[in-house]
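Asks: So that you have it, the file is run.cif, and it contains mmCIF, N, CA and C atoms:
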data_entry
#
loop_
_atom_site.label_atom_id
_atom_site.label_comp_id
_atom_site.auth_asym_id
_atom_site.auth_seq_id
_atom_site.Cartn_x
_atom_site.Cartn_y
_atom_site.Cartn_z
N LYS A 1 5.36 11.65 46.18
CA LYS A 1 3.96 12.00 46.34
C LYS A 1 3.80 12.93 47.52
N TYR A 2 3.02 13.97 47.34
CA TYR A 2 2.80 14.95 48.39
C TYR A 2 1.84 14.40 49.45
N ILE A 3 2.21 14.55 50.71
CA ILE A 3 1.34 14.15 51.81
C ILE A 3 0.96 15.41 52.57
N MET A 4 -0.34 15.58 52.81
CA MET A 4 -0.83 16.76 53.52
C MET A 4 -0.27 16.79 54.95
N ASN A 5 -0.02 18.01 55.44
CA ASN A 5 0.40 18.12 56.83
C ASN A 5 -0.84 18.18 57.73
N LEU A 6 -0.63 18.16 59.03
CA LEU A 6 -1.73 18.10 59.98
C LEU A 6 -2.69 19.27 59.84
N SER A 7 -2.16 20.44 59.65
CA SER A 7 -3.01 21.63 59.51
C SER A 7 -3.92 21.52 58.27
N GLU A 8 -3.36 21.04 57.18
CA GLU A 8 -4.15 20.87 55.95
C GLU A 8 -5.22 19.79 56.14
N ILE A 9 -4.86 18.72 56.83
CA ILE A 9 -5.84 17.66 57.10
C ILE A 9 -6.97 18.21 57.96
N GLN A 10 -6.63 18.98 58.97
CA GLN A 10 -7.66 19.56 59.85
C GLN A 10 -8.59 20.48 59.08
N ASP A 11 -8.05 21.26 58.16
CA ASP A 11 -8.89 22.13 57.32
C ASP A 11 -9.84 21.30 56.46
N GLN A 12 -9.33 20.21 55.89
CA GLN A 12 -10.17 19.32 55.07
C GLN A 12 -11.28 18.70 55.93
N VAL A 13 -10.95 18.28 57.12
CA VAL A 13 -11.92 17.66 58.02
C VAL A 13 -13.05 18.63 58.34
N LYS A 14 -12.70 19.89 58.61
CA LYS A 14 -13.74 20.89 58.90
C LYS A 14 -14.75 20.99 57.77
N ARG A 15 -14.27 20.91 56.54
CA ARG A 15 -15.17 20.99 55.38
C ARG A 15 -15.89 19.66 55.14
N ASP A 16 -15.14 18.58 55.17
CA ASP A 16 -15.68 17.27 54.79
C ASP A 16 -16.67 16.70 55.80
N LEU A 17 -16.46 16.93 57.08
CA LEU A 17 -17.29 16.28 58.08
C LEU A 17 -18.50 17.12 58.50
N LYS A 18 -18.64 18.28 57.91
CA LYS A 18 -19.83 19.09 58.18
C LYS A 18 -21.03 18.40 57.52
N ILE A 19 -22.09 18.19 58.30
CA ILE A 19 -23.29 17.53 57.78
C ILE A 19 -24.31 18.58 57.37
N ASN A 20 -24.72 18.53 56.10
CA ASN A 20 -25.78 19.41 55.62
C ASN A 20 -27.11 18.76 56.00
N ASP A 21 -27.77 19.30 57.02
CA ASP A 21 -28.98 18.65 57.52
C ASP A 21 -30.18 18.81 56.60
N LEU A 22 -30.01 19.55 55.52
CA LEU A 22 -31.10 19.66 54.53
C LEU A 22 -30.97 18.59 53.45
N GLU A 23 -29.81 17.94 53.38
CA GLU A 23 -29.58 16.90 52.36
C GLU A 23 -28.99 15.66 53.03
N LEU A 24 -29.72 15.10 53.97
CA LEU A 24 -29.22 13.96 54.72
C LEU A 24 -29.00 12.73 53.83
N ASP A 25 -29.81 12.61 52.79
CA ASP A 25 -29.63 11.47 51.88
C ASP A 25 -28.28 11.56 51.17
N ILE A 26 -27.93 12.74 50.71
CA ILE A 26 -26.64 12.94 50.02
C ILE A 26 -25.49 12.76 51.01
N GLU A 27 -25.67 13.25 52.22
CA GLU A 27 -24.64 13.08 53.26
C GLU A 27 -24.40 11.60 53.53
N SER A 28 -25.46 10.83 53.56
CA SER A 28 -25.34 9.39 53.78
C SER A 28 -24.56 8.73 52.64
N LEU A 29 -24.80 9.17 51.43
CA LEU A 29 -24.11 8.60 50.27
C LEU A 29 -22.62 9.00 50.22
N ARG A 30 -22.25 10.08 50.90
CA ARG A 30 -20.86 10.55 50.91
C ARG A 30 -19.98 9.74 51.86
N ILE A 31 -20.58 8.97 52.76
CA ILE A 31 -19.82 8.27 53.80
C ILE A 31 -18.73 7.36 53.23
N PRO A 32 -19.03 6.50 52.25
CA PRO A 32 -17.95 5.62 51.74
C PRO A 32 -16.77 6.39 51.15
N ALA A 33 -17.04 7.47 50.45
CA ALA A 33 -15.95 8.26 49.85
C ALA A 33 -15.11 8.93 50.94
N LEU A 34 -15.78 9.45 51.97
CA LEU A 34 -15.04 10.07 53.07
C LEU A 34 -14.19 9.03 53.80
N HIS A 35 -14.78 7.88 54.02
CA HIS A 35 -14.05 6.81 54.71
C HIS A 35 -12.80 6.42 53.92
N THR A 36 -12.95 6.26 52.63
CA THR A 36 -11.82 5.89 51.77
C THR A 36 -10.74 6.97 51.80
N LYS A 37 -11.15 8.22 51.71
CA LYS A 37 -10.19 9.33 51.69
C LYS A 37 -9.36 9.37 52.97
N TYR A 38 -10.03 9.30 54.12
CA TYR A 38 -9.31 9.43 55.38
C TYR A 38 -8.58 8.15 55.77
N LEU A 39 -9.06 7.01 55.33
CA LEU A 39 -8.34 5.76 55.55
C LEU A 39 -7.04 5.76 54.75
N GLN A 40 -7.08 6.31 53.56
CA GLN A 40 -5.86 6.43 52.74
C GLN A 40 -4.85 7.36 53.42
N LEU A 41 -5.34 8.50 53.93
CA LEU A 41 -4.45 9.42 54.65
C LEU A 41 -3.86 8.76 55.89
N LEU A 42 -4.69 8.00 56.59
CA LEU A 42 -4.23 7.29 57.79
C LEU A 42 -3.14 6.28 57.41
N THR A 43 -3.35 5.54 56.35
CA THR A 43 -2.37 4.55 55.90
C THR A 43 -1.06 5.21 55.51
N GLU A 44 -1.13 6.28 54.74
CA GLU A 44 0.09 6.98 54.31
C GLU A 44 0.89 7.49 55.51
N ASN A 45 0.18 8.08 56.47
CA ASN A 45 0.87 8.63 57.64
C ASN A 45 1.35 7.53 58.58
N SER A 46 0.66 6.42 58.64
CA SER A 46 1.13 5.28 59.44
C SER A 46 2.43 4.74 58.87
N LEU A 47 2.52 4.68 57.55
CA LEU A 47 3.76 4.22 56.91
C LEU A 47 4.90 5.21 57.16
N LYS A 48 4.60 6.50 57.11
CA LYS A 48 5.62 7.51 57.41
C LYS A 48 6.10 7.38 58.85
N LEU A 49 5.17 7.10 59.76
CA LEU A 49 5.53 6.90 61.17
C LEU A 49 6.45 5.70 61.33
N LYS A 50 6.12 4.60 60.67
CA LYS A 50 6.97 3.40 60.75
C LYS A 50 8.37 3.68 60.19
N LYS A 51 8.41 4.40 59.07
CA LYS A 51 9.70 4.74 58.47
C LYS A 51 10.52 5.62 59.42
N SER A 52 9.87 6.62 60.00
CA SER A 52 10.57 7.52 60.93
C SER A 52 11.07 6.78 62.16
N ASN A 53 10.27 5.85 62.68
CA ASN A 53 10.71 5.05 63.82
C ASN A 53 11.93 4.22 63.46
N GLY A 54 11.93 3.64 62.26
CA GLY A 54 13.08 2.88 61.80
C GLY A 54 14.32 3.74 61.68
N GLU A 55 14.15 4.94 61.12
CA GLU A 55 15.28 5.87 60.98
C GLU A 55 15.81 6.29 62.35
N LEU A 56 14.90 6.47 63.30
CA LEU A 56 15.32 6.84 64.66
C LEU A 56 16.17 5.72 65.28
N SER A 57 15.76 4.49 65.08
CA SER A 57 16.53 3.36 65.62
C SER A 57 17.94 3.31 65.03
N VAL A 58 18.04 3.49 63.73
CA VAL A 58 19.35 3.48 63.06
C VAL A 58 20.20 4.65 63.56
N LEU A 59 19.58 5.81 63.70
CA LEU A 59 20.29 7.00 64.17
C LEU A 59 20.80 6.79 65.59
N LYS A 60 19.98 6.19 66.45
CA LYS A 60 20.42 5.92 67.83
C LYS A 60 21.61 4.97 67.84
N ARG A 61 21.56 3.95 66.99
CA ARG A 61 22.69 3.01 66.92
C ARG A 61 23.95 3.75 66.48
N ASN A 62 23.83 4.58 65.43
CA ASN A 62 24.99 5.30 64.93
C ASN A 62 25.55 6.28 65.96
N LYS A 63 24.65 6.91 66.70
CA LYS A 63 25.11 7.84 67.74
C LYS A 63 25.78 7.07 68.88
N TRP A 64 25.27 5.90 69.21
CA TRP A 64 25.90 5.08 70.25
C TRP A 64 27.33 4.71 69.81
N ILE A 65 27.46 4.30 68.56
CA ILE A 65 28.78 3.95 68.03
C ILE A 65 29.72 5.15 68.14
N TYR A 66 29.21 6.34 67.80
CA TYR A 66 30.03 7.56 67.85
C TYR A 66 30.42 7.90 69.28
N TYR A 67 29.43 7.97 70.16
CA TYR A 67 29.68 8.41 71.53
C TYR A 67 30.49 7.40 72.36
N THR A 68 30.48 6.16 71.98
CA THR A 68 31.27 5.17 72.72
C THR A 68 32.67 4.99 72.14
N GLY A 69 32.98 5.76 71.10
CA GLY A 69 34.33 5.72 70.54
C GLY A 69 34.58 4.54 69.61
N LYS A 70 33.52 3.93 69.11
CA LYS A 70 33.66 2.74 68.27
C LYS A 70 33.50 3.03 66.77
N ALA A 71 33.30 4.29 66.43
CA ALA A 71 33.12 4.65 65.02
C ALA A 71 34.46 4.61 64.29
N PRO A 72 34.40 4.44 62.97
CA PRO A 72 35.65 4.47 62.18
C PRO A 72 36.35 5.83 62.33
N GLU A 73 37.66 5.83 62.15
CA GLU A 73 38.44 7.06 62.32
C GLU A 73 37.95 8.20 61.43
N GLU A 74 37.50 7.85 60.20
CA GLU A 74 37.06 8.91 59.29
C GLU A 74 35.84 9.68 59.83
N VAL A 75 35.02 9.02 60.65
CA VAL A 75 33.87 9.71 61.26
C VAL A 75 34.36 10.79 62.20
N TYR A 76 35.36 10.47 63.00
CA TYR A 76 35.90 11.45 63.96
C TYR A 76 36.68 12.55 63.25
N LYS A 77 37.30 12.22 62.11
CA LYS A 77 37.97 13.25 61.34
C LYS A 77 36.95 14.23 60.77
N GLU A 78 35.82 13.70 60.30
CA GLU A 78 34.77 14.53 59.70
C GLU A 78 34.04 15.35 60.76
N LYS A 79 33.63 14.71 61.86
CA LYS A 79 32.82 15.38 62.89
C LYS A 79 33.66 15.96 64.01
N GLY A 80 34.87 15.53 64.10
CA GLY A 80 35.72 15.93 65.21
C GLY A 80 35.64 14.86 66.30
N ASP A 81 36.74 14.73 67.02
CA ASP A 81 36.77 13.74 68.09
C ASP A 81 35.77 14.11 69.17
N PHE A 82 35.18 13.09 69.75
CA PHE A 82 34.32 13.30 70.91
C PHE A 82 35.25 13.37 72.12
N PRO A 83 35.28 14.52 72.80
CA PRO A 83 36.33 14.75 73.80
C PRO A 83 36.18 13.97 75.12
N LEU A 84 35.01 13.41 75.38
CA LEU A 84 34.80 12.75 76.66
C LEU A 84 34.89 11.24 76.53
N LYS A 85 35.25 10.61 77.62
CA LYS A 85 35.24 9.15 77.68
C LYS A 85 34.06 8.77 78.57
N LEU A 86 33.00 8.27 77.94
CA LEU A 86 31.80 7.90 78.69
C LEU A 86 32.04 6.56 79.35
N LYS A 87 31.75 6.49 80.66
CA LYS A 87 32.09 5.30 81.42
C LYS A 87 30.88 4.43 81.76
N THR A 88 29.69 5.02 81.75
CA THR A 88 28.51 4.23 82.15
C THR A 88 27.44 4.26 81.06
N LYS A 89 26.52 3.32 81.17
CA LYS A 89 25.38 3.27 80.24
C LYS A 89 24.53 4.53 80.39
N ASP A 90 24.39 5.04 81.61
CA ASP A 90 23.60 6.27 81.84
C ASP A 90 24.24 7.46 81.12
N GLU A 91 25.54 7.55 81.16
CA GLU A 91 26.22 8.65 80.46
C GLU A 91 25.99 8.52 78.95
N GLU A 92 26.11 7.31 78.43
CA GLU A 92 25.88 7.09 77.00
C GLU A 92 24.46 7.49 76.63
N ARG A 93 23.50 7.02 77.42
CA ARG A 93 22.09 7.31 77.16
C ARG A 93 21.81 8.82 77.20
N THR A 94 22.42 9.50 78.17
CA THR A 94 22.22 10.95 78.31
C THR A 94 22.70 11.68 77.07
N PHE A 95 23.89 11.34 76.58
CA PHE A 95 24.42 12.02 75.39
C PHE A 95 23.60 11.69 74.14
N ILE A 96 23.20 10.43 74.01
CA ILE A 96 22.43 10.02 72.84
C ILE A 96 21.07 10.72 72.84
N GLU A 97 20.38 10.72 73.97
CA GLU A 97 19.05 11.33 74.04
C GLU A 97 19.09 12.84 73.85
N ALA A 98 20.20 13.48 74.22
CA ALA A 98 20.32 14.93 74.09
C ALA A 98 20.87 15.37 72.74
N ASP A 99 21.28 14.43 71.93
CA ASP A 99 21.85 14.75 70.62
C ASP A 99 20.82 15.47 69.73
N GLU A 100 21.24 16.53 69.05
CA GLU A 100 20.32 17.32 68.22
C GLU A 100 19.67 16.50 67.11
N ASP A 101 20.43 15.64 66.46
CA ASP A 101 19.86 14.81 65.39
C ASP A 101 18.79 13.87 65.95
N ILE A 102 19.04 13.31 67.12
CA ILE A 102 18.07 12.43 67.76
C ILE A 102 16.82 13.23 68.12
N GLN A 103 17.01 14.41 68.66
CA GLN A 103 15.86 15.25 69.04
C GLN A 103 15.00 15.60 67.83
N LYS A 104 15.63 15.92 66.71
CA LYS A 104 14.88 16.24 65.49
C LYS A 104 14.07 15.04 65.01
N LYS A 105 14.70 13.88 65.01
CA LYS A 105 14.01 12.67 64.54
C LYS A 105 12.89 12.29 65.50
N LYS A 106 13.10 12.46 66.81
CA LYS A 106 12.05 12.18 67.78
C LYS A 106 10.86 13.11 67.57
N THR A 107 11.14 14.36 67.27
CA THR A 107 10.07 15.33 67.00
C THR A 107 9.27 14.89 65.78
N GLU A 108 9.96 14.40 64.76
CA GLU A 108 9.28 13.90 63.56
C GLU A 108 8.40 12.70 63.90
N VAL A 109 8.91 11.77 64.69
CA VAL A 109 8.14 10.60 65.10
C VAL A 109 6.90 11.03 65.88
N GLU A 110 7.07 11.95 66.81
CA GLU A 110 5.94 12.43 67.62
C GLU A 110 4.90 13.14 66.76
N TYR A 111 5.36 13.86 65.76
CA TYR A 111 4.44 14.53 64.84
C TYR A 111 3.58 13.50 64.12
N TYR A 112 4.22 12.48 63.56
CA TYR A 112 3.46 11.45 62.84
C TYR A 112 2.54 10.66 63.79
N GLU A 113 2.97 10.47 65.03
CA GLU A 113 2.09 9.82 66.00
C GLU A 113 0.83 10.66 66.22
N THR A 114 0.99 11.98 66.30
CA THR A 114 -0.14 12.88 66.48
C THR A 114 -1.07 12.82 65.27
N VAL A 115 -0.51 12.85 64.08
CA VAL A 115 -1.31 12.80 62.86
C VAL A 115 -2.08 11.47 62.78
N VAL A 116 -1.40 10.38 63.08
CA VAL A 116 -2.04 9.06 63.03
C VAL A 116 -3.17 8.97 64.05
N ASP A 117 -2.93 9.44 65.27
CA ASP A 117 -3.99 9.43 66.30
C ASP A 117 -5.18 10.25 65.84
N TYR A 118 -4.92 11.42 65.28
CA TYR A 118 -5.99 12.30 64.80
C TYR A 118 -6.80 11.62 63.70
N LEU A 119 -6.10 11.04 62.74
CA LEU A 119 -6.79 10.38 61.62
C LEU A 119 -7.56 9.14 62.07
N GLN A 120 -7.05 8.43 63.06
CA GLN A 120 -7.80 7.29 63.60
C GLN A 120 -9.14 7.76 64.18
N GLU A 121 -9.10 8.88 64.87
CA GLU A 121 -10.34 9.43 65.44
C GLU A 121 -11.30 9.88 64.34
N ILE A 122 -10.77 10.49 63.30
CA ILE A 122 -11.62 10.94 62.18
C ILE A 122 -12.27 9.74 61.50
N VAL A 123 -11.52 8.68 61.27
CA VAL A 123 -12.08 7.49 60.64
C VAL A 123 -13.18 6.90 61.53
N ARG A 124 -12.99 6.93 62.85
CA ARG A 124 -14.04 6.46 63.77
C ARG A 124 -15.29 7.34 63.65
N GLN A 125 -15.09 8.65 63.60
CA GLN A 125 -16.23 9.57 63.47
C GLN A 125 -16.99 9.34 62.17
N ILE A 126 -16.26 9.10 61.11
CA ILE A 126 -16.92 8.84 59.82
C ILE A 126 -17.74 7.55 59.92
N GLY A 127 -17.21 6.57 60.62
CA GLY A 127 -17.95 5.33 60.82
C GLY A 127 -19.24 5.53 61.61
N GLN A 128 -19.30 6.59 62.38
CA GLN A 128 -20.50 6.87 63.19
C GLN A 128 -21.49 7.80 62.47
N ARG A 129 -21.12 8.28 61.32
CA ARG A 129 -22.01 9.21 60.60
C ARG A 129 -23.37 8.60 60.28
N ASN A 130 -23.40 7.31 59.97
CA ASN A 130 -24.69 6.66 59.70
C ASN A 130 -25.64 6.85 60.87
N PHE A 131 -25.12 6.65 62.08
CA PHE A 131 -25.95 6.80 63.27
C PHE A 131 -26.39 8.24 63.48
N GLN A 132 -25.48 9.19 63.22
CA GLN A 132 -25.83 10.60 63.37
C GLN A 132 -26.92 11.00 62.38
N ILE A 133 -26.78 10.54 61.15
CA ILE A 133 -27.77 10.86 60.12
C ILE A 133 -29.10 10.17 60.43
N LYS A 134 -29.04 8.93 60.84
CA LYS A 134 -30.27 8.20 61.20
C LYS A 134 -30.98 8.90 62.35
N ASN A 135 -30.23 9.34 63.37
CA ASN A 135 -30.83 10.05 64.49
C ASN A 135 -31.48 11.36 64.05
N ALA A 136 -30.83 12.06 63.13
CA ALA A 136 -31.41 13.31 62.62
C ALA A 136 -32.72 13.04 61.89
N ILE A 137 -32.75 11.97 61.10
CA ILE A 137 -33.98 11.60 60.38
C ILE A 137 -35.07 11.21 61.37
N GLU A 138 -34.72 10.42 62.38
CA GLU A 138 -35.70 10.02 63.39
C GLU A 138 -36.24 11.23 64.14
N TRP A 139 -35.41 12.19 64.43
CA TRP A 139 -35.84 13.42 65.11
C TRP A 139 -36.82 14.20 64.23
N ARG A 140 -36.51 14.28 62.96
CA ARG A 140 -37.41 14.97 62.02
C ARG A 140 -38.78 14.26 61.99
N LYS A 141 -38.77 12.95 61.96
CA LYS A 141 -40.03 12.19 61.96
C LYS A 141 -40.81 12.47 63.25
N PHE A 142 -40.11 12.49 64.36
CA PHE A 142 -40.75 12.76 65.64
C PHE A 142 -41.39 14.14 65.66
N GLU A 143 -40.63 15.16 65.17
CA GLU A 143 -41.15 16.52 65.12
C GLU A 143 -42.36 16.63 64.20
N ALA A 144 -42.39 15.83 63.15
CA ALA A 144 -43.50 15.85 62.20
C ALA A 144 -44.68 15.01 62.68
N GLY A 145 -44.54 14.38 63.84
CA GLY A 145 -45.61 13.57 64.38
C GLY A 145 -45.76 12.22 63.73
N MET A 146 -44.70 11.70 63.17
CA MET A 146 -44.76 10.40 62.50
C MET A 146 -44.31 9.30 63.42
#
Since I need it in another form, could you write the structure as structure tokens?
Replies:
Amino acid sequence: KYIMNLSEIQDQVKRDLKINDLELDIESLRIPALHTKYLQLLTENSLKLKKSNGELSVLKRNKWIYYTGKAPEEVYKEKGDFPLKLKTKDEERTFIEADEDIQKKKTEVEYYETVVDYLQEIVRQIGQRNFQIKNAIEWRKFEAGM
């Protein structure tokens, strides 16, 4: 299933969250559909974030096994021997954190964290639309002298 990227979500939000102040009744009726749409996107991206975090943990374990010299011989034949003998936990951590595969996976995790944070804020804003619409209606009544 295709999941929209952050840029596509932002474009959708610009269109979806614009309030037509001439049709406040229709805007009010759109709130449940908007909430459902963005809650679904939030759920999908939250699951992707959890999956990426899990993959990062497994990758870190595998890199630790490699860098500490505990991997099976076939791994070193395939990737080449790791030429250094790491003596401290800090050395191990430095190599693991600087590993390109780890960096790519961390970037993926951070991306999904950003998307999830953004969608959480959008869902909150949608939840406040009732108040925004009500305030607009009250303002109109006030201007009309009601």
Asks: Enumerate as a PyMOL selection string all residues of range 26-107 of chain A assigned to alpha helix (DSSP H) by DSSP on the backbone, naming them with the chain letters and numbers the document uses.
Replies: chain A and resi 26-67+73-79+89-98+100-107
Asks: Please compute the CA of Asp101 in chain A-CA of Ile65 in chain A distance, one decimal, in Å.
Replies: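 Distance between the two atoms: 14.3 Å.
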Asks: Measuring atom to atom with all atoms listed in the file, identify which of A:Tyr111, A:Ile9, A:Leu24, A:Arg15 is nearest to Ile133 in chain A.
Replies: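 When distances to Ile133 in chain A are compared using all atoms listed in the file, the smallest one comes from A:Leu24.
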Asks: Give me the residues within 8 Å of Ile96 in chain A as a PyMOL selection string, counting only N, CA and C atoms and dropping any in the same chain fewer than 5 places off.
Replies: chain A and resi 60+63-64+67+90-91+101-103
Asks: In terms of the shortest atom-to-atom distance over only C-alpha atoms, which of A:Lys79, A:Val109, A:Ile31, A:Ala98 is closest to Ser57 in chain A?
Replies: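 Of A:Lys79, A:Val109, A:Ile31, A:Ala98, the one nearest Ser57 in chain A, counting only C-alpha atoms, is A:Val109.
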Asks: May I ask for the distance between CA of Ser28 in chain A and atom C of Arg129 in chain A, given in Å to one decimal place?
Replies: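 The value is 6.8 Å.
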Asks: Might you spell out which residues the PyMOL selection byres (((chain A and resi 69 and name CA) around 10) and name CA) would select in the displayed file, as a ChimeraX atom specification?
Replies: /A:63-68,70-73,76,81-86
Asks: Enumerate, as a VMD selection string, the residues matched when the PyMOL selection byres (((chain A and resi 2 and name CA) around 12) and name CA) is run on the file above.
Replies: chain A and resid 1 3 to 5 8 41 44 to 45
Asks: What does the structure give for the distance between CA of Thr114 in chain A and CA of Leu6 in chain A, in Å to one decimal?
Replies: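 So the answer is 8.5 Å.
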Asks: Using all atoms listed in the file for the distances, tell me which of A:His35, A:Arg30, A:Arg61, A:Lys18 is nearest to Val123 in chain A.
Replies: A:His35
